[in-house]
Amino acid sequence: MDLHYLKIFYEVAKEKSFTKAANKLFINQSAVSIQIRKFEDLLNTKLFDRSSKKIKLTYIGEILFKMAEDIFERVNRAEKEITRIIGLDRARLSIGATSVIGEPLLPKLMKEFSKKYEEIEYDIVIGEKKWLLKCLLEGDLDILIIDEEHITDSNLEVITIEKMPYVLVSSKVYDRIENAGKDPLITRKSIPNNNDAIAAIEDKYHMIFENKIQVSGNLEVIKGMVREGIGNVILPYYSVYKEIENKELNIVYRINEVKDAYQVVITKDKKHLLQIIKFIDFIEGYKIS
């Protein structure tokens, strides 16, 4: 069924006049009559009873009019909703993040972002960095928030957000940092900055963390081990600030010599989208207390 014909039929039936329908559709009356006849030929049935001087629908015409009325009411609602959404600048963002960033940062960040930009809807994906970058390049994600990474892909734009020091944190309170060296230190395998931070403390205080527990994977598991008193850990401040604020963990030492930033990564073809501009402006001004 041709919707163009259906629209003409609907307007004639609603207005009960070929002339009024023609004026509403900005076409001449003869064109309306021709289109109605073509529609009837297409359907192989009569829609109007031409034995009457008034516009009168046949039984089939009445059924089709009710169906057409429902169709065009839905179209009208759709047009109004689209107009409303455009007026609100409503949009959707698909945000990917690594666990070291996403778990501590995103809950509070997105709460504040949603307060400021109610019109922007979003979904969040937490995953491994390499996989997230692949999803971003394939268009499945709009934005990535990741721990610092050296990215050379010319299709990507990287915005570095504030650098923060590494901190040695514990569930205990120590009188001297040297005493912390006697307790197990939970280390993250293959994290260069983590190893540099450990070396910075050992060199400055001429001490060695002799008992090290290597853990790979979920950051929450590592922080849970620290809360349970299994050992201490060195992490970027942004990844443990919430636990420090809540007094679940204590800063034993702030390692200002070694800092880490988190980054926002986007594909260059999306950098001019309004919702992405708003998100980047917001996160650049967002301060972790």
# chains A, B, ... in the order shown; residues from 1 in each chain; ligands from 1
call {"tool": "residues_around", "arguments": {"residues": "Val169 (chain A)", "least_positions_apart": "5", "cutoff": "7 Å", "atoms": "only C-alpha atoms", "output": "ChimeraX atom specification"}}
result
/A:232-234,249-252
call {"tool": "write_last_selection", "arguments": {"atoms": "C-alpha atoms", "output": "mmCIF file, in the first residue's frame"}}
result
data_model
loop_
_atom_site.group_PDB
_atom_site.id
_atom_site.type_symbol
_atom_site.label_atom_id
_atom_site.label_comp_id
_atom_site.auth_asym_id
_atom_site.auth_seq_id
_atom_site.Cartn_x
_atom_site.Cartn_y
_atom_site.Cartn_z
ATOM 1 C CA ASN A 232 48.662 -2.676 51.800
ATOM 2 C CA VAL A 233 48.606 -1.418 48.215
ATOM 3 C CA ILE A 234 49.930 1.424 46.091
ATOM 4 C CA LEU A 249 41.417 3.219 53.996
ATOM 5 C CA ASN A 250 44.208 5.472 55.246
ATOM 6 C CA ILE A 251 46.924 7.192 53.255
ATOM 7 C CA VAL A 252 50.255 5.969 54.588
#
call {"tool": "residues_around", "arguments": {"residues": "region 153-158 of chain A", "least_positions_apart": "6", "cutoff": "7 Å", "atoms": "only C-alpha atoms", "output": "PDB file with N, CA and C atoms, in the first residue's frame"}}
result
ATOM      1  N   GLN A 263      42.337   9.298  31.160  1.00  0.00           N
ATOM      2  CA  GLN A 263      42.178   9.897  29.851  1.00  0.00           C
ATOM      3  C   GLN A 263      40.781   9.672  29.288  1.00  0.00           C
ATOM      4  N   VAL A 264      40.338  10.644  28.506  1.00  0.00           N
ATOM      5  CA  VAL A 264      39.112  10.501  27.728  1.00  0.00           C
ATOM      6  C   VAL A 264      39.544  10.298  26.281  1.00  0.00           C
ATOM      7  N   VAL A 265      39.010   9.263  25.648  1.00  0.00           N
ATOM      8  CA  VAL A 265      39.382   8.950  24.265  1.00  0.00           C
ATOM      9  C   VAL A 265      38.117   8.945  23.411  1.00  0.00           C
ATOM     10  N   ILE A 266      38.181   9.630  22.269  1.00  0.00           N
ATOM     11  CA  ILE A 266      37.062   9.657  21.319  1.00  0.00           C
ATOM     12  C   ILE A 266      37.605   9.478  19.905  1.00  0.00           C
ATOM     13  N   THR A 267      36.735   9.076  18.985  1.00  0.00           N
ATOM     14  CA  THR A 267      37.137   9.061  17.581  1.00  0.00           C
ATOM     15  C   THR A 267      36.956  10.478  17.032  1.00  0.00           C
ATOM     16  N   LYS A 268      37.860  10.880  16.150  1.00  0.00           N
ATOM     17  CA  LYS A 268      37.853  12.267  15.667  1.00  0.00           C
ATOM     18  C   LYS A 268      36.586  12.631  14.910  1.00  0.00           C
TER      19      LYS A 268
END
call {"tool": "select_by_dssp", "arguments": {"residues": "region 21-254 of chain A", "states": "strand (DSSP E or B)", "output": "PyMOL selection string"}}
result
chain A and resi 48+57+91-97+120-126+143-147+156-170+185-188+212-215+232-236+250-254
call {"tool": "write_last_selection", "arguments": {"atoms": "N, CA and C atoms", "output": "short mmCIF file (atom, residue, chain, number, x, y, z; two decimals), in the first residue's frame"}}
result
data_model
loop_
_atom_site.label_atom_id
_atom_site.label_comp_id
_atom_site.auth_asym_id
_atom_site.auth_seq_id
_atom_site.Cartn_x
_atom_site.Cartn_y
_atom_site.Cartn_z
N PHE A 48 -15.08 5.26 -2.13
CA PHE A 48 -16.12 6.28 -2.01
C PHE A 48 -17.36 5.87 -2.82
N LEU A 57 -18.24 7.30 2.34
CA LEU A 57 -17.33 6.16 2.24
C LEU A 57 -18.10 4.87 2.07
N ALA A 91 20.02 13.37 23.62
CA ALA A 91 20.93 12.49 22.89
C ALA A 91 21.35 11.35 23.81
N ARG A 92 22.09 10.41 23.26
CA ARG A 92 22.55 9.27 24.04
C ARG A 92 24.05 9.10 23.85
N LEU A 93 24.72 8.76 24.95
CA LEU A 93 26.15 8.47 24.92
C LEU A 93 26.38 7.03 25.35
N SER A 94 27.28 6.37 24.68
CA SER A 94 27.71 5.04 25.09
C SER A 94 29.13 5.19 25.61
N ILE A 95 29.31 4.98 26.91
CA ILE A 95 30.58 5.27 27.59
C ILE A 95 31.25 3.97 28.03
N GLY A 96 32.49 3.79 27.63
CA GLY A 96 33.27 2.63 28.07
C GLY A 96 34.32 3.07 29.07
N ALA A 97 34.64 2.21 30.02
CA ALA A 97 35.66 2.54 31.02
C ALA A 97 36.34 1.28 31.52
N ILE A 120 20.64 14.26 28.27
CA ILE A 120 21.55 13.28 27.69
C ILE A 120 21.42 11.94 28.42
N GLU A 121 20.98 10.94 27.70
CA GLU A 121 20.89 9.59 28.24
C GLU A 121 22.21 8.88 27.98
N TYR A 122 22.48 7.82 28.72
CA TYR A 122 23.77 7.14 28.53
C TYR A 122 23.68 5.68 28.95
N ASP A 123 24.61 4.90 28.43
CA ASP A 123 24.83 3.56 28.95
C ASP A 123 26.33 3.40 29.17
N ILE A 124 26.69 2.48 30.05
CA ILE A 124 28.09 2.32 30.47
C ILE A 124 28.52 0.88 30.29
N VAL A 125 29.74 0.71 29.78
CA VAL A 125 30.34 -0.61 29.61
C VAL A 125 31.69 -0.61 30.32
N ILE A 126 31.88 -1.55 31.25
CA ILE A 126 33.17 -1.71 31.93
C ILE A 126 33.88 -2.91 31.32
N ILE A 143 32.64 7.13 23.77
CA ILE A 143 33.68 7.72 24.62
C ILE A 143 34.32 6.63 25.47
N LEU A 144 35.62 6.74 25.67
CA LEU A 144 36.31 5.87 26.63
C LEU A 144 36.89 6.70 27.75
N ILE A 145 36.84 6.17 28.96
CA ILE A 145 37.56 6.75 30.09
C ILE A 145 38.49 5.67 30.60
N ILE A 146 39.79 5.88 30.44
CA ILE A 146 40.75 4.83 30.77
C ILE A 146 41.91 5.39 31.58
N ASP A 147 42.62 4.49 32.27
CA ASP A 147 43.85 4.90 32.93
C ASP A 147 44.88 5.19 31.84
N LEU A 156 42.07 8.53 16.61
CA LEU A 156 41.61 8.80 17.96
C LEU A 156 42.15 10.12 18.50
N GLU A 157 41.35 10.74 19.31
CA GLU A 157 41.78 11.95 20.01
C GLU A 157 41.78 11.65 21.50
N VAL A 158 42.87 11.99 22.18
CA VAL A 158 43.05 11.67 23.59
C VAL A 158 43.13 12.96 24.40
N ILE A 159 42.28 13.07 25.40
CA ILE A 159 42.30 14.23 26.31
C ILE A 159 42.73 13.73 27.68
N THR A 160 43.85 14.25 28.16
CA THR A 160 44.35 13.83 29.47
C THR A 160 43.74 14.69 30.56
N ILE A 161 43.11 14.01 31.53
CA ILE A 161 42.51 14.69 32.67
C ILE A 161 43.55 14.72 33.80
N GLU A 162 43.33 15.55 34.79
CA GLU A 162 44.34 15.89 35.79
C GLU A 162 45.18 14.71 36.28
N LYS A 163 46.48 14.96 36.40
CA LYS A 163 47.40 13.96 36.94
C LYS A 163 47.31 13.96 38.46
N MET A 164 47.35 12.78 39.04
CA MET A 164 47.27 12.64 40.50
C MET A 164 48.37 11.72 40.99
N PRO A 165 48.82 11.93 42.22
CA PRO A 165 49.91 11.09 42.73
C PRO A 165 49.43 9.68 43.06
N TYR A 166 50.37 8.77 43.11
CA TYR A 166 50.11 7.45 43.67
C TYR A 166 50.11 7.57 45.19
N VAL A 167 49.36 6.71 45.85
CA VAL A 167 49.33 6.71 47.31
C VAL A 167 49.47 5.28 47.82
N LEU A 168 50.21 5.15 48.90
CA LEU A 168 50.27 3.88 49.62
C LEU A 168 49.15 3.91 50.64
N VAL A 169 48.21 2.97 50.53
CA VAL A 169 47.06 2.98 51.44
C VAL A 169 46.98 1.68 52.23
N SER A 170 46.34 1.79 53.39
CA SER A 170 46.25 0.64 54.29
C SER A 170 45.00 0.77 55.14
N LEU A 185 52.71 -6.27 50.80
CA LEU A 185 52.33 -5.24 49.84
C LEU A 185 51.68 -5.94 48.64
N ILE A 186 50.43 -5.57 48.38
CA ILE A 186 49.72 -6.13 47.23
C ILE A 186 50.15 -5.35 45.99
N THR A 187 50.65 -6.06 44.99
CA THR A 187 51.14 -5.40 43.78
C THR A 187 50.34 -5.84 42.57
N ARG A 188 50.26 -4.93 41.62
CA ARG A 188 49.56 -5.24 40.37
C ARG A 188 50.59 -5.56 39.30
N LYS A 212 55.59 -9.49 49.05
CA LYS A 212 54.70 -8.94 48.03
C LYS A 212 53.70 -9.99 47.56
N ILE A 213 52.45 -9.57 47.43
CA ILE A 213 51.40 -10.45 46.93
C ILE A 213 50.98 -9.91 45.57
N GLN A 214 51.21 -10.67 44.52
CA GLN A 214 50.83 -10.21 43.18
C GLN A 214 49.37 -10.58 42.88
N VAL A 215 48.63 -9.59 42.44
CA VAL A 215 47.22 -9.80 42.09
C VAL A 215 46.96 -9.17 40.72
N ASN A 232 48.82 -4.05 52.25
CA ASN A 232 48.66 -2.68 51.80
C ASN A 232 48.80 -2.64 50.28
N VAL A 233 48.49 -1.51 49.67
CA VAL A 233 48.61 -1.42 48.21
C VAL A 233 48.96 0.00 47.81
N ILE A 234 49.63 0.12 46.68
CA ILE A 234 49.93 1.42 46.09
C ILE A 234 49.07 1.58 44.84
N LEU A 235 48.25 2.64 44.80
CA LEU A 235 47.33 2.87 43.69
C LEU A 235 47.28 4.37 43.36
N PRO A 236 46.83 4.73 42.15
CA PRO A 236 46.59 6.15 41.86
C PRO A 236 45.51 6.68 42.81
N ASN A 250 43.39 4.34 54.81
CA ASN A 250 44.21 5.47 55.25
C ASN A 250 45.39 5.66 54.30
N ILE A 251 45.73 6.92 54.04
CA ILE A 251 46.92 7.19 53.25
C ILE A 251 48.14 7.06 54.17
N VAL A 252 49.00 6.14 53.84
CA VAL A 252 50.25 5.97 54.59
C VAL A 252 51.30 6.93 54.04
N TYR A 253 51.32 7.05 52.70
CA TYR A 253 52.31 7.93 52.09
C TYR A 253 51.81 8.36 50.70
N ARG A 254 51.99 9.65 50.41
CA ARG A 254 51.62 10.20 49.11
C ARG A 254 52.88 10.30 48.27
#
call {"tool": "select_by_dssp", "arguments": {"residues": "region 151-207 of chain A", "states": "alpha helix (DSSP H)", "output": "number ranges by chain"}}
result
A: 177-180, 192-205
call {"tool": "residues_around", "arguments": {"residues": "Glu62 (chain A)", "least_positions_apart": "5", "cutoff": "10 Å", "atoms": "only C-alpha atoms", "output": "ChimeraX atom specification"}}
result
/A:13,47-48,56-57,67-68
call {"tool": "closest_residue", "arguments": {"among": "A:Phe113, A:His206, A:Leu133, A:Glu257", "to": "Asp281 (chain A)", "atoms": "only C-alpha atoms"}}
result
A:Phe113
call {"tool": "closest_residue", "arguments": {"among": "A:Glu81, A:Asp260, A:Asp49, A:Asp142", "to": "Ala197 (chain A)", "atoms": "only C-alpha atoms"}}
result
A:Asp260
call {"tool": "atom_distance", "arguments": {"atom1": "CA of Phe72 (chain A)", "atom2": "CA of Asn28 (chain A)"}}
result
22.0 Å
call {"tool": "residues_around", "arguments": {"residues": "Val32 (chain A)", "least_positions_apart": "4", "cutoff": "9 Å", "atoms": "only C-alpha atoms", "output": "VMD selection string"}}
result
chain A and resid 8 to 9 12 18 to 19 21 to 22 25 27 to 28 36 to 37
call {"tool": "atom_distance", "arguments": {"atom1": "CA of Gly127 (chain A)", "atom2": "CA of Thr98 (chain A)"}}
result
5.3 Å
call {"tool": "residues_around", "arguments": {"residues": "region 243-247 of chain A", "least_positions_apart": "5", "cutoff": "10 Å", "atoms": "only C-alpha atoms", "output": "list in words"}}
result
Pro104, Val169, Ser170, Ser171, Lys223, Arg227, Tyr237 and Ser289 of chain A
